[in-house]
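Next comes protein01.pdb, a file with PDB, C-alpha atoms and all ligand atoms.
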```pdb
ATOM      1  CA  MET N  21     -51.888  42.989  60.073
ATOM      2  CA  GLY N  22     -50.759  40.805  57.156
ATOM      3  CA  LYS N  23     -50.408  41.859  53.546
ATOM      4  CA  ARG N  24     -53.632  42.062  51.531
ATOM      5  CA  ILE N  25     -53.364  39.667  48.610
ATOM      6  CA  HIS N  26     -56.114  39.502  46.029
ATOM      7  CA  ILE N  27     -56.518  36.335  43.972
ATOM      8  CA  LEU N  28     -57.924  36.417  40.448
ATOM      9  CA  ALA N  29     -59.075  32.969  39.343
ATOM     10  CA  MET N  30     -59.068  32.267  35.613
ATOM     11  CA  GLY N  31     -59.802  28.511  35.553
ATOM     12  CA  GLY N  32     -57.386  25.862  34.279
ATOM     13  CA  THR N  33     -56.327  22.512  35.673
ATOM     14  CA  ILE N  34     -55.668  24.094  39.043
ATOM     15  CA  ALA N  35     -59.469  24.402  39.216
ATOM     16  CA  GLY N  36     -60.041  21.112  37.372
ATOM     17  CA  LYS N  37     -62.500  18.422  38.454
ATOM     18  CA  ALA N  38     -62.085  14.773  37.484
ATOM     19  CA  GLY N  39     -64.386  11.799  38.002
ATOM     20  CA  ASP N  40     -62.014  10.062  40.399
ATOM     21  CA  SER N  41     -58.926  10.966  42.385
ATOM     22  CA  THR N  42     -56.527   8.903  40.280
ATOM     23  CA  ALA N  43     -57.389  10.757  37.070
ATOM     24  CA  THR N  44     -54.888  13.356  35.889
ATOM     25  CA  THR N  45     -56.275  13.701  32.370
ATOM     26  CA  GLY N  46     -59.801  13.810  30.946
ATOM     27  CA  TYR N  47     -60.985  16.259  33.614
ATOM     28  CA  GLN N  48     -62.956  19.449  33.246
ATOM     29  CA  ALA N  49     -60.658  22.471  33.565
ATOM     30  CA  GLY N  50     -61.945  25.520  35.448
ATOM     31  CA  ALA N  51     -64.798  23.683  37.211
ATOM     32  CA  VAL N  52     -63.867  24.542  40.817
ATOM     33  CA  GLY N  53     -64.726  28.054  42.021
ATOM     34  CA  VAL N  54     -62.251  30.372  43.708
ATOM     35  CA  GLU N  55     -63.785  29.955  47.186
ATOM     36  CA  ASP N  56     -63.316  26.164  47.084
ATOM     37  CA  LEU N  57     -59.872  26.575  45.582
ATOM     38  CA  LEU N  58     -58.758  28.750  48.491
ATOM     39  CA  ALA N  59     -60.529  26.599  51.100
ATOM     40  CA  ALA N  60     -58.323  23.676  49.992
ATOM     41  CA  VAL N  61     -55.154  25.520  51.029
ATOM     42  CA  PRO N  62     -54.385  25.028  54.735
ATOM     43  CA  GLY N  63     -52.916  28.014  56.563
ATOM     44  CA  LEU N  64     -53.500  30.454  53.724
ATOM     45  CA  GLN N  65     -55.031  33.162  55.899
ATOM     46  CA  GLU N  66     -52.029  32.944  58.250
ATOM     47  CA  VAL N  67     -49.720  33.968  55.409
ATOM     48  CA  ALA N  68     -51.761  36.980  54.307
ATOM     49  CA  GLN N  69     -55.248  38.473  54.242
ATOM     50  CA  VAL N  70     -56.453  36.707  51.124
ATOM     51  CA  THR N  71     -59.495  37.627  49.062
ATOM     52  CA  GLY N  72     -60.659  35.904  45.892
ATOM     53  CA  GLU N  73     -62.458  36.816  42.703
ATOM     54  CA  GLN N  74     -63.542  34.648  39.785
ATOM     55  CA  LEU N  75     -62.540  36.436  36.592
ATOM     56  CA  ALA N  76     -62.993  33.509  34.186
ATOM     57  CA  SER N  77     -63.518  29.743  34.308
ATOM     58  CA  ILE N  78     -61.804  28.581  31.171
ATOM     59  CA  ASP N  79     -59.451  26.007  29.820
ATOM     60  CA  SER N  80     -56.630  28.399  28.991
ATOM     61  CA  LYS N  81     -56.116  27.029  25.474
ATOM     62  CA  ASP N  82     -59.386  28.853  24.717
ATOM     63  CA  ILE N  83     -58.284  32.238  26.029
ATOM     64  CA  THR N  84     -59.062  35.058  23.619
ATOM     65  CA  ALA N  85     -57.513  38.482  23.229
ATOM     66  CA  ALA N  86     -60.716  39.914  24.759
ATOM     67  CA  CYS N  87     -60.192  37.779  27.861
ATOM     68  CA  GLN N  88     -56.489  38.671  28.052
ATOM     69  CA  LEU N  89     -57.429  42.355  27.823
ATOM     70  CA  GLN N  90     -60.005  41.891  30.607
ATOM     71  CA  LEU N  91     -57.230  40.427  32.744
ATOM     72  CA  VAL N  92     -54.931  43.359  31.933
ATOM     73  CA  LYS N  93     -57.737  45.763  32.896
ATOM     74  CA  ARG N  94     -58.498  44.103  36.229
ATOM     75  CA  VAL N  95     -54.831  43.795  37.175
ATOM     76  CA  ARG N  96     -54.364  47.469  36.285
ATOM     77  CA  GLU N  97     -57.222  48.429  38.636
ATOM     78  CA  LEU N  98     -55.714  46.344  41.426
ATOM     79  CA  LEU N  99     -52.236  47.780  40.866
ATOM     80  CA  LEU N 100     -53.732  51.249  41.281
ATOM     81  CA  SER N 101     -55.803  50.284  44.329
ATOM     82  CA  ALA N 102     -54.564  51.290  47.774
ATOM     83  CA  GLU N 103     -56.529  48.340  49.233
ATOM     84  CA  VAL N 104     -54.329  45.621  47.732
ATOM     85  CA  ASP N 105     -50.656  44.847  48.408
ATOM     86  CA  GLY N 106     -50.157  42.011  45.941
ATOM     87  CA  ILE N 107     -51.975  40.044  43.242
ATOM     88  CA  VAL N 108     -52.052  36.309  42.554
ATOM     89  CA  ILE N 109     -53.575  34.891  39.388
ATOM     90  CA  THR N 110     -54.537  31.234  39.117
ATOM     91  CA  HIS N 111     -54.413  30.281  35.448
ATOM     92  CA  GLY N 112     -54.370  27.256  33.159
ATOM     93  CA  THR N 113     -50.818  26.260  32.364
ATOM     94  CA  ASP N 114     -51.225  26.000  28.582
ATOM     95  CA  THR N 115     -51.153  29.757  27.997
ATOM     96  CA  LEU N 116     -49.926  30.837  31.426
ATOM     97  CA  GLU N 117     -46.624  32.110  30.061
ATOM     98  CA  GLU N 118     -48.462  34.264  27.508
ATOM     99  CA  SER N 119     -50.718  35.986  30.048
ATOM    100  CA  ALA N 120     -47.727  36.395  32.365
ATOM    101  CA  TYR N 121     -45.669  38.041  29.632
ATOM    102  CA  LEU N 122     -48.496  40.320  28.481
ATOM    103  CA  LEU N 123     -49.017  41.513  32.056
ATOM    104  CA  ASP N 124     -45.281  41.961  32.512
ATOM    105  CA  LEU N 125     -45.059  44.200  29.446
ATOM    106  CA  VAL N 126     -47.517  46.639  31.032
ATOM    107  CA  HIS N 127     -46.530  46.244  34.686
ATOM    108  CA  PHE N 128     -46.077  49.770  35.989
ATOM    109  CA  ALA N 129     -46.042  49.384  39.780
ATOM    110  CA  ASP N 130     -43.739  47.857  42.377
ATOM    111  CA  LYS N 131     -46.580  45.626  43.599
ATOM    112  CA  PRO N 132     -45.952  41.909  43.033
ATOM    113  CA  VAL N 133     -48.076  40.098  40.476
ATOM    114  CA  VAL N 134     -47.661  36.333  40.686
ATOM    115  CA  ILE N 135     -49.180  33.756  38.341
ATOM    116  CA  THR N 136     -49.574  30.132  39.253
ATOM    117  CA  GLY N 137     -51.319  27.026  37.960
ATOM    118  CA  ALA N 138     -51.202  23.290  38.407
ATOM    119  CA  MET N 139     -50.589  20.186  36.361
ATOM    120  CA  ARG N 140     -52.960  17.969  38.313
ATOM    121  CA  PRO N 141     -56.642  18.736  38.789
ATOM    122  CA  ALA N 142     -57.916  19.903  42.172
ATOM    123  CA  THR N 143     -59.554  16.506  42.719
ATOM    124  CA  ALA N 144     -56.391  14.436  42.072
ATOM    125  CA  LEU N 145     -54.277  12.544  44.582
ATOM    126  CA  SER N 146     -51.207  14.732  45.209
ATOM    127  CA  ALA N 147     -52.817  17.735  43.550
ATOM    128  CA  ASP N 148     -50.090  20.350  43.115
ATOM    129  CA  GLY N 149     -52.480  23.332  43.103
ATOM    130  CA  PRO N 150     -52.827  23.976  46.856
ATOM    131  CA  LEU N 151     -49.075  24.243  47.502
ATOM    132  CA  ASN N 152     -48.630  26.342  44.366
ATOM    133  CA  ILE N 153     -51.318  28.761  45.602
ATOM    134  CA  LEU N 154     -49.742  28.916  49.063
ATOM    135  CA  ASP N 155     -46.307  29.583  47.545
ATOM    136  CA  ALA N 156     -47.722  32.172  45.145
ATOM    137  CA  VAL N 157     -49.344  34.041  48.040
ATOM    138  CA  ARG N 158     -46.097  33.849  50.011
ATOM    139  CA  VAL N 159     -44.240  35.411  47.085
ATOM    140  CA  ALA N 160     -46.922  38.070  46.493
ATOM    141  CA  ALA N 161     -46.682  39.004  50.193
ATOM    142  CA  ALA N 162     -42.871  39.114  50.270
ATOM    143  CA  ASP N 163     -41.131  42.495  50.374
ATOM    144  CA  SER N 164     -38.321  40.972  48.311
ATOM    145  CA  ALA N 165     -40.801  40.327  45.464
ATOM    146  CA  ARG N 166     -41.578  44.023  45.047
ATOM    147  CA  ASP N 167     -40.366  45.789  41.934
ATOM    148  CA  ARG N 168     -39.696  42.564  40.042
ATOM    149  CA  GLY N 169     -42.502  42.683  37.488
ATOM    150  CA  VAL N 170     -44.678  39.623  36.934
ATOM    151  CA  LEU N 171     -43.483  36.360  38.450
ATOM    152  CA  VAL N 172     -44.462  32.773  37.705
ATOM    153  CA  VAL N 173     -44.543  30.434  40.710
ATOM    154  CA  LEU N 174     -44.993  26.658  40.486
ATOM    155  CA  ASN N 175     -43.310  23.628  42.000
ATOM    156  CA  ASN N 176     -41.533  25.716  44.689
ATOM    157  CA  GLU N 177     -39.764  27.814  42.025
ATOM    158  CA  ILE N 178     -39.986  31.448  40.985
ATOM    159  CA  HIS N 179     -39.467  32.367  37.327
ATOM    160  CA  SER N 180     -39.528  35.608  35.375
ATOM    161  CA  ALA N 181     -42.493  36.046  33.033
ATOM    162  CA  ARG N 182     -40.148  36.867  30.163
ATOM    163  CA  LEU N 183     -38.046  33.717  30.178
ATOM    164  CA  VAL N 184     -40.262  30.981  31.585
ATOM    165  CA  THR N 185     -41.867  28.374  29.362
ATOM    166  CA  LYS N 186     -43.926  25.215  29.746
ATOM    167  CA  MET N 187     -41.479  22.405  28.917
ATOM    168  CA  SER N 188     -43.353  19.207  29.664
ATOM    169  CA  THR N 189     -46.835  18.113  28.636
ATOM    170  CA  THR N 190     -47.563  16.505  32.007
ATOM    171  CA  ALA N 191     -44.787  16.876  34.612
ATOM    172  CA  VAL N 192     -45.364  19.039  37.698
ATOM    173  CA  GLU N 193     -41.905  20.577  37.147
ATOM    174  CA  THR N 194     -43.020  21.695  33.680
ATOM    175  CA  PHE N 195     -42.231  25.421  34.073
ATOM    176  CA  GLN N 196     -38.587  26.165  33.454
ATOM    177  CA  SER N 197     -36.494  29.025  32.158
ATOM    178  CA  PRO N 198     -34.069  27.393  29.694
ATOM    179  CA  VAL N 199     -32.022  30.597  29.481
ATOM    180  CA  GLY N 200     -31.083  31.805  32.955
ATOM    181  CA  GLY N 201     -32.992  29.340  35.112
ATOM    182  CA  ALA N 202     -35.306  30.073  38.022
ATOM    183  CA  ILE N 203     -34.787  33.440  39.705
ATOM    184  CA  GLY N 204     -35.788  32.195  43.139
ATOM    185  CA  ALA N 205     -37.455  29.531  45.236
ATOM    186  CA  ILE N 206     -39.774  28.974  48.149
ATOM    187  CA  ASN N 207     -37.878  26.782  50.592
ATOM    188  CA  ASP N 208     -39.919  25.536  53.564
ATOM    189  CA  GLY N 209     -42.162  28.530  53.072
ATOM    190  CA  VAL N 210     -39.296  31.028  52.895
ATOM    191  CA  VAL N 211     -39.094  33.151  49.747
ATOM    192  CA  VAL N 212     -35.556  33.439  48.387
ATOM    193  CA  PHE N 213     -34.398  35.351  45.302
ATOM    194  CA  TYR N 214     -31.085  34.402  43.733
ATOM    195  CA  HIS N 215     -30.529  37.636  41.809
ATOM    196  CA  GLY N 216     -31.409  41.319  41.919
ATOM    197  CA  ALA N 217     -34.444  42.526  40.017
ATOM    198  CA  GLU N 218     -34.350  43.017  36.259
ATOM    199  CA  LEU N 219     -37.407  44.701  34.799
ATOM    200  CA  HIS N 220     -38.548  44.295  31.212
ATOM    201  CA  HIS N 221     -41.764  46.253  30.962
ATOM    202  CA  LEU N 222     -42.391  48.617  28.072
ATOM    203  CA  PRO N 223     -41.439  52.282  28.392
ATOM    204  CA  ASN N 224     -44.545  54.188  29.587
ATOM    205  CA  ALA N 225     -46.155  50.929  30.789
ATOM    206  CA  LEU N 226     -48.835  52.868  32.695
ATOM    207  CA  SER N 227     -50.164  54.611  29.604
ATOM    208  CA  VAL N 228     -49.676  51.504  27.438
ATOM    209  CA  SER N 229     -51.810  49.508  29.878
ATOM    210  CA  GLU N 230     -54.478  52.225  29.720
ATOM    211  CA  LYS N 231     -54.427  52.109  25.931
ATOM    212  CA  LEU N 232     -54.793  48.321  26.002
ATOM    213  CA  THR N 233     -57.791  48.430  28.318
ATOM    214  CA  SER N 234     -59.645  50.512  25.733
ATOM    215  CA  GLN N 235     -59.186  47.769  23.090
ATOM    216  CA  LYS N 236     -61.734  45.046  22.374
ATOM    217  CA  GLU N 237     -59.295  42.897  20.446
ATOM    218  CA  LEU N 238     -55.678  42.802  19.311
ATOM    219  CA  PRO N 239     -54.292  42.941  15.753
ATOM    220  CA  TYR N 240     -54.060  39.666  13.838
ATOM    221  CA  VAL N 241     -50.492  38.396  14.281
ATOM    222  CA  PRO N 242     -50.145  34.681  13.578
ATOM    223  CA  VAL N 243     -47.164  32.536  14.515
ATOM    224  CA  LEU N 244     -46.007  30.380  11.608
ATOM    225  CA  TYR N 245     -43.960  27.324  12.516
ATOM    226  CA  GLY N 246     -41.026  26.643  10.190
ATOM    227  CA  HIS N 247     -40.267  23.142   8.930
ATOM    228  CA  SER N 248     -38.391  21.358   6.155
ATOM    229  CA  ASP N 249     -39.801  21.947   2.678
ATOM    230  CA  ASP N 250     -41.730  25.018   3.846
ATOM    231  CA  ASP N 251     -42.614  26.846   0.626
ATOM    232  CA  GLY N 252     -43.967  30.042   2.195
ATOM    233  CA  ARG N 253     -47.556  29.616   1.062
ATOM    234  CA  LEU N 254     -48.868  30.163   4.605
ATOM    235  CA  VAL N 255     -47.059  33.493   4.753
ATOM    236  CA  LYS N 256     -48.840  34.507   1.566
ATOM    237  CA  LEU N 257     -52.154  33.273   2.932
ATOM    238  CA  VAL N 258     -52.012  35.222   6.185
ATOM    239  CA  ALA N 259     -50.657  38.316   4.396
ATOM    240  CA  GLU N 260     -53.700  38.214   2.114
ATOM    241  CA  ASN N 261     -55.985  37.682   5.089
ATOM    242  CA  GLY N 262     -55.325  40.739   7.189
ATOM    243  CA  ALA N 263     -52.179  39.911   9.158
ATOM    244  CA  LYS N 264     -50.653  43.082  10.601
ATOM    245  CA  GLY N 265     -47.603  41.186  11.757
ATOM    246  CA  ILE N 266     -46.102  37.713  11.425
ATOM    247  CA  VAL N 267     -43.896  35.839  13.843
ATOM    248  CA  TYR N 268     -41.960  33.163  12.003
ATOM    249  CA  ALA N 269     -40.717  30.416  14.324
ATOM    250  CA  GLY N 270     -37.686  29.459  12.283
ATOM    251  CA  MET N 271     -35.075  26.797  12.797
ATOM    252  CA  GLY N 272     -32.081  27.202  15.121
ATOM    253  CA  ASN N 273     -31.085  30.859  15.268
ATOM    254  CA  GLY N 274     -34.304  31.957  13.568
ATOM    255  CA  SER N 275     -33.211  30.589  10.186
ATOM    256  CA  ILE N 276     -35.754  30.887   7.395
ATOM    257  CA  PRO N 277     -35.968  28.704   4.270
ATOM    258  CA  GLU N 278     -35.267  30.759   1.134
ATOM    259  CA  ARG N 279     -38.762  30.458  -0.328
ATOM    260  CA  VAL N 280     -40.314  31.598   2.961
ATOM    261  CA  GLU N 281     -37.810  34.428   3.225
ATOM    262  CA  ALA N 282     -38.950  35.758  -0.143
ATOM    263  CA  GLU N 283     -42.614  35.705   0.955
ATOM    264  CA  LEU N 284     -41.805  37.341   4.290
ATOM    265  CA  ALA N 285     -39.790  40.048   2.512
ATOM    266  CA  ALA N 286     -42.828  40.690   0.273
ATOM    267  CA  ALA N 287     -44.988  40.905   3.404
ATOM    268  CA  VAL N 288     -42.691  43.565   4.878
ATOM    269  CA  GLU N 289     -43.001  45.485   1.592
ATOM    270  CA  GLN N 290     -46.785  45.462   2.169
ATOM    271  CA  GLY N 291     -46.326  46.991   5.643
ATOM    272  CA  ILE N 292     -46.532  43.791   7.677
ATOM    273  CA  VAL N 293     -44.072  43.635  10.572
ATOM    274  CA  VAL N 294     -42.077  40.393  10.660
ATOM    275  CA  ILE N 295     -40.350  38.970  13.715
ATOM    276  CA  ARG N 296     -37.926  36.051  13.403
ATOM    277  CA  ALA N 297     -38.174  33.752  16.390
ATOM    278  CA  SER N 298     -37.113  30.137  16.852
ATOM    279  CA  SER N 299     -38.728  26.776  17.402
ATOM    280  CA  SER N 300     -35.656  25.861  19.479
ATOM    281  CA  ILE N 301     -36.422  26.021  23.175
ATOM    282  CA  SER N 302     -33.252  27.676  24.415
ATOM    283  CA  GLY N 303     -30.955  30.460  23.266
ATOM    284  CA  MET N 304     -31.237  33.893  21.746
ATOM    285  CA  VAL N 305     -32.298  34.735  18.206
ATOM    286  CA  THR N 306     -29.700  37.157  16.898
ATOM    287  CA  LYS N 307     -29.525  39.220  13.704
ATOM    288  CA  ALA N 308     -27.781  36.303  11.911
ATOM    289  CA  GLU N 309     -27.942  36.742   8.100
ATOM    290  CA  ALA N 310     -27.442  40.165   6.507
ATOM    291  CA  SER N 311     -30.377  39.438   4.168
ATOM    292  CA  TYR N 312     -32.733  39.257   7.164
ATOM    293  CA  GLU N 313     -31.713  42.725   8.265
ATOM    294  CA  GLU N 314     -31.960  44.052   4.708
ATOM    295  CA  ALA N 315     -35.491  42.666   4.424
ATOM    296  CA  GLY N 316     -36.440  44.411   7.683
ATOM    297  CA  PHE N 317     -37.057  41.315   9.809
ATOM    298  CA  ILE N 318     -36.719  41.814  13.571
ATOM    299  CA  ALA N 319     -34.873  39.222  15.684
ATOM    300  CA  SER N 320     -36.886  38.064  18.720
ATOM    301  CA  GLY N 321     -33.895  38.009  21.084
ATOM    302  CA  LEU N 322     -34.819  35.932  24.119
ATOM    303  CA  LEU N 323     -38.551  35.847  23.427
ATOM    304  CA  ASN N 324     -40.167  32.629  22.305
ATOM    305  CA  PRO N 325     -42.593  32.877  19.360
ATOM    306  CA  ARG N 326     -45.748  33.151  21.467
ATOM    307  CA  LYS N 327     -44.341  35.965  23.583
ATOM    308  CA  ALA N 328     -42.892  37.750  20.546
ATOM    309  CA  ARG N 329     -46.399  37.653  19.077
ATOM    310  CA  LEU N 330     -47.899  39.394  22.127
ATOM    311  CA  LEU N 331     -45.162  42.028  22.119
ATOM    312  CA  LEU N 332     -45.821  42.727  18.458
ATOM    313  CA  GLN N 333     -49.582  42.996  19.028
ATOM    314  CA  VAL N 334     -49.077  45.494  21.859
ATOM    315  CA  ALA N 335     -46.516  47.430  19.796
ATOM    316  CA  LEU N 336     -48.962  47.646  16.880
ATOM    317  CA  VAL N 337     -51.753  48.913  19.158
ATOM    318  CA  CYS N 338     -49.425  51.597  20.511
ATOM    319  CA  GLY N 339     -48.098  52.638  17.116
ATOM    320  CA  LYS N 340     -44.519  51.603  17.937
ATOM    321  CA  SER N 341     -42.146  51.459  14.998
ATOM    322  CA  ALA N 342     -39.958  48.554  13.919
ATOM    323  CA  ALA N 343     -37.026  50.585  15.244
ATOM    324  CA  ASP N 344     -38.694  50.820  18.696
ATOM    325  CA  LEU N 345     -39.222  47.059  18.686
ATOM    326  CA  ARG N 346     -35.622  46.376  17.687
ATOM    327  CA  LYS N 347     -34.404  48.583  20.521
ATOM    328  CA  PHE N 348     -36.699  46.872  23.037
ATOM    329  CA  LEU N 349     -35.607  43.380  21.973
ATOM    330  CA  ALA N 350     -31.875  44.107  21.771
TER     331      ALA N 350
HETATM  332  C1  LIG N 401     -55.383  24.877  30.910
HETATM  333  O1  LIG N 401     -54.384  25.405  30.451
HETATM  334  O2  LIG N 401     -56.397  25.526  31.245
HETATM  335  C2  LIG N 401     -55.457  23.394  31.044
HETATM  336  C3  LIG N 401     -54.145  22.774  31.308
HETATM  337  C4  LIG N 401     -53.557  23.161  32.624
HETATM  338  O3  LIG N 401     -53.978  24.080  33.326
HETATM  339  O4  LIG N 401     -52.550  22.496  32.998
END
```
Would you encode the structure as structure tokens?
Ligand code: SIN
Amino acid sequence: MGKRIHILAMGGTIAGKAGDSTATTGYQAGAVGVEDLLAAVPGLQEVAQVTGEQLASIDSKDITAACQLQLVKRVRELLLSAEVDGIVITHGTDTLEESAYLLDLVHFADKPVVITGAMRPATALSADGPLNILDAVRVAAADSARDRGVLVVLNNEIHSARLVTKMSTTAVETFQSPVGGAIGAINDGVVVFYHGAELHHLPNALSVSEKLTSQKELPYVPVLYGHSDDDGRLVKLVAENGAKGIVYAGMGNGSIPERVEAELAAAVEQGIVVIRASSSISGMVTKAEASYEEAGFIASGLLNPRKARLLLQVALVCGKSAADLRKFLA
């Protein structure tokens, strides 16, 4: 008897429908249901016993915290279920890395959770979705994928949820991990990992995931994108409009223009938690300037701004302190 893999379909281009087979833009994301999505993958049932469930049918740019929390809740149920050996999520690529990271933060079991998507709609010539689904199921069914947290599988590669990011607007090889690279591959259907497992879930992930499932929304934590001549007025604006945290995507090693730094320091004084991240794609944000530490800003380490935002939201829900966050990101 094969492994029992349950697929949660969220929509996205992988389930996109275009007017003709040459179209790779201008399609409707999330228009193909999970049954049709799975029927388009030859040999799927030979790899595992696959079941499907439609959880959402959205273009992932429109995902809300409520929808992310629904996903966390359903994955939690499946992780606790004795009827399921692995979970695959089909998801739009635009926010795939965010959902992957959120799920990874609260992953408490050794069961594989694999997220995949596609860059070409289901109706396109050379659609990449069917092979990505087949590969994702292969990974979810692999013993070697156990105890590795949440994995992202596209284009025959396996990436960690923490480090992967969408690099290209349109290329099928869009998902890459600029720091560290892919952690494995699916070669001719064979799942290979290059390294041992490294887990990055939160301490007490089981109870944190339970806490999250009781939430209807997450605290307001905007990402502000740094640029030349930034005068900090957006920091002031969000601070006055209920932000509980701010992620500032600074330049290079999380550098912040002086005028913005002053506004962010004032925000910390008001009790707003500030994370310094970077708009650069690769590299780690370190403590850098002494004034940042004195002001109480937290360096994002290897997290990109969007993932740092999710971490901060979860930390705020769970009442974690700035010191806890610093320790987790170090
Ligand atoms: C989406 O993110 O839902 C649309 C884009 C894609 O899946 O590639």
For a cutoff of 6 Å around the file-coordinate point (-40.8, 37.0, 15.2), which residues qualify once you count all atoms listed in the file? I'd like the result as a CSV table (one decimal) with C-alpha atoms, in the coordinates of the input.
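Contents of the output file out25.csv:
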```
chain,number,residue,atom,x,y,z
N,267,VAL,CA,-43.9,35.8,13.8
N,268,TYR,CA,-42.0,33.2,12.0
N,294,VAL,CA,-42.1,40.4,10.7
N,295,ILE,CA,-40.4,39.0,13.7
N,296,ARG,CA,-37.9,36.1,13.4
N,297,ALA,CA,-38.2,33.8,16.4
N,320,SER,CA,-36.9,38.1,18.7
N,328,ALA,CA,-42.9,37.8,20.5
```
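Comparing N:Val133, N:Ala138, N:Ile78, N:Leu122 by their smallest distance to Asp167 in chain N, the closest is N:Val133 (using all atoms listed in the file).
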Check: Residues picked by the PyMOL selection byres (((chain N and resi 168) around 9) and not hetatm) here, as a PyMOL selection string?
Finding: chain N and resi 130-133+164-167+169-171+180+216-219
Check: Neighbours of Ser119 in chain N within 9 Å (all atoms listed in the file; same-chain residues fewer than 6 positions away dropped), as a ChimeraX atom specification?
Finding: /N:88,91-92,111,135,181
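We find CA of Val241 in chain N and CA of Ile83 in chain N to be spaced 15.4 Å apart.
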Next item on the list: Fewer than 3 positions away in the same chain doesn't count, so skip those; otherwise give me all residues within 10 Å of Asp249 in chain N, counting all atoms listed in the file, as a list in words.
Entry: Gly246, Gly252, Pro277, Arg279 and Val280 of chain N
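Residue nearest ligand LIG 401 (chain N) within the list N:Thr306, N:Gln90, N:Asn152, N:Thr189: N:Thr189 [criterion: smallest interatomic distance, only C-alpha atoms and all ligand atoms].
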